[in-house]
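Step one of this worksheet: look at the structure below.
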Amino acid sequence: QVQLVESGGGLVQPGGSLRLSCVVSGSIFRLYHMGWYRQAPGKQRDLVASITNLGNTNYADSVKGRFTISRDNAKTTVYLQMNSLKPEDTAVYYCNAKRVVGGLNYWGQGTQVTVSS
């Protein structure tokens, strides 16, 4: 059973920073592409950033230059460093693991990020 556990969300002022973490257990981490998605109230869940099993990254235009995704295969953890946060970044952030072969998807429970003064 693959499990994803996010942490690191919270309340931060505009311009501040947060780092989200997602620990994956129950399978071989390097066999998965990883991603961070977010969902604001009343909106669909959108991709924020992704990183392949080989370390190639992709970002939504709205976060380019502010957010950085990384992974530590030894710790089976993916991170999302978020800098220069804006109120429009407020959302529940979800970690996603997609198996490279077969495409099975797994989700974490989500962590709330609120950017407000």
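Chain labels follow the order of the structure tokens: the first chain is A, the next B, and so on; residue numbering restarts at 1 in every chain, and ligands are counted from 1 in their shown order.
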
* To do: DSSP on the backbone, then: every residue of range 12-64 of chain A marked strand (DSSP E), written as an MDAnalysis selection string.
  => chainID A and resid 12 18:25 32:39 46:51 57:59

Same residues, C-alpha atoms, output as a JSON list (two decimals), in the first residue's frame:
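Dumped everything to result_9.json:
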```json
[["chain", "number", "residue", "atom", "x", "y", "z"],
["A", 12, "VAL", "CA", 2.40, 32.92, 6.23],
["A", 18, "LEU", "CA", 7.26, 27.76, 3.30],
["A", 19, "ARG", "CA", 8.68, 24.35, 2.50],
["A", 20, "LEU", "CA", 6.33, 21.45, 1.96],
["A", 21, "SER", "CA", 7.47, 17.86, 2.38],
["A", 22, "CYS", "CA", 5.89, 14.62, 1.21],
["A", 23, "VAL", "CA", 7.17, 11.30, 2.48],
["A", 24, "VAL", "CA", 6.33, 8.24, 0.39],
["A", 25, "SER", "CA", 6.20, 4.74, 1.82],
["A", 32, "TYR", "CA", 7.55, 7.29, -9.46],
["A", 33, "HIS", "CA", 7.24, 10.70, -11.00],
["A", 34, "MET", "CA", 6.24, 13.12, -8.27],
["A", 35, "GLY", "CA", 4.12, 16.25, -8.31],
["A", 36, "TRP", "CA", 2.53, 18.94, -6.21],
["A", 37, "TYR", "CA", -0.99, 20.10, -6.99],
["A", 38, "ARG", "CA", -3.18, 22.69, -5.32],
["A", 39, "GLN", "CA", -6.87, 23.32, -5.00],
["A", 46, "ASP", "CA", -4.17, 22.19, -10.72],
["A", 47, "LEU", "CA", -0.59, 21.11, -11.18],
["A", 48, "VAL", "CA", 1.92, 23.35, -9.43],
["A", 49, "ALA", "CA", 5.18, 21.52, -10.10],
["A", 50, "SER", "CA", 6.40, 18.09, -11.07],
["A", 51, "ILE", "CA", 9.65, 16.16, -11.07],
["A", 57, "THR", "CA", 11.20, 19.48, -13.45],
["A", 58, "ASN", "CA", 8.19, 21.36, -14.72],
["A", 59, "TYR", "CA", 6.33, 24.34, -13.24]]
```

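Close contacts of range 2-11 of chain A, defined as residues with an atom at most 9 Å away when counting only C-alpha atoms, with chain neighbours fewer than 6 positions off set aside, comprise Leu18, Arg19, Leu20, Ser21, Cys22, Val23, Val24, Ser25, Gly26, Ser27, Val92, Tyr93, Tyr94, Cys95, Asn96, Ala97, Tyr106, Trp107, Gly108, Gln109, Gly110, Thr111, Gln112, Val113, Thr114, Val115 and Ser116 of chain A.
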
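One finds CA of Thr90 in chain A at 6.7 Å from CA of Ala40 in chain A.
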
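The smallest atom-to-atom distance between Asn56 in chain A and any of A:Asn83, A:Thr76, A:Ser70, A:Gln44, using only C-alpha atoms, is found for A:Ser70.
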
* Asked: When you draw a straight line from CA of Gly65 in chain A to CA of Gly103 in chain A, how long is it in Å?
  -> 28.7 Å

* Excluding Phe67 in chain A and any residue of its chain fewer than 5 positions from it, enumerate the residues within 8 Å of it, using only C-alpha atoms, and give them as a PyMOL selection string. => chain A and resi 80-83

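Among the candidates A:Asn73, A:Gln1, A:Thr68, A:Asn105, the residue lying nearest to Asn53 in chain A is A:Asn73 (atoms considered: only C-alpha atoms).
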
* DSSP helix (DSSP H, G or I) residues within range 6-112 of chain A, as a ChimeraX atom specification -> /A:29-31,61-63,87-89

Would you pick out the contacts of Leu85 in chain A at 6 Å or less, using only C-alpha atoms, so that residues sharing its chain but fewer than 4 positions from it are not included, and give the list as a compact mmCIF listing (two decimals) with all heavy atoms, in the first residue's frame?
```
# COMPACT_ATOMS: atom_id res chain seq x y z
N PRO A 14 2.26 37.56 3.12
CA PRO A 14 2.72 37.76 1.74
C PRO A 14 4.20 38.08 1.70
O PRO A 14 4.70 38.86 2.52
CB PRO A 14 1.86 38.94 1.26
CG PRO A 14 0.61 38.85 2.08
CD PRO A 14 1.06 38.36 3.43
N GLY A 15 4.90 37.48 0.74
CA GLY A 15 6.33 37.64 0.63
C GLY A 15 7.13 36.61 1.41
O GLY A 15 8.36 36.54 1.25
N GLY A 16 6.47 35.84 2.24
CA GLY A 16 7.14 34.85 3.06
C GLY A 16 7.41 33.55 2.32
O GLY A 16 7.14 33.43 1.11
```

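The interatomic distance for the pair CA of Ala74 in chain A and CA of Ile28 in chain A works out to 10.5 Å.
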
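If only C-alpha atoms are the atoms counted, then among A:Lys43, A:Val78, A:Asp89, A:Asp72 the closest residue to Ala60 in chain A is A:Asp89.
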
* Using only C-alpha atoms, which of the listed residues (A:Arg71, A:Gly42, A:Phe29, A:Gln13) sits closest to Gly55 in chain A? ->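 Closest to Gly55 in chain A, using only C-alpha atoms: A:Arg71.
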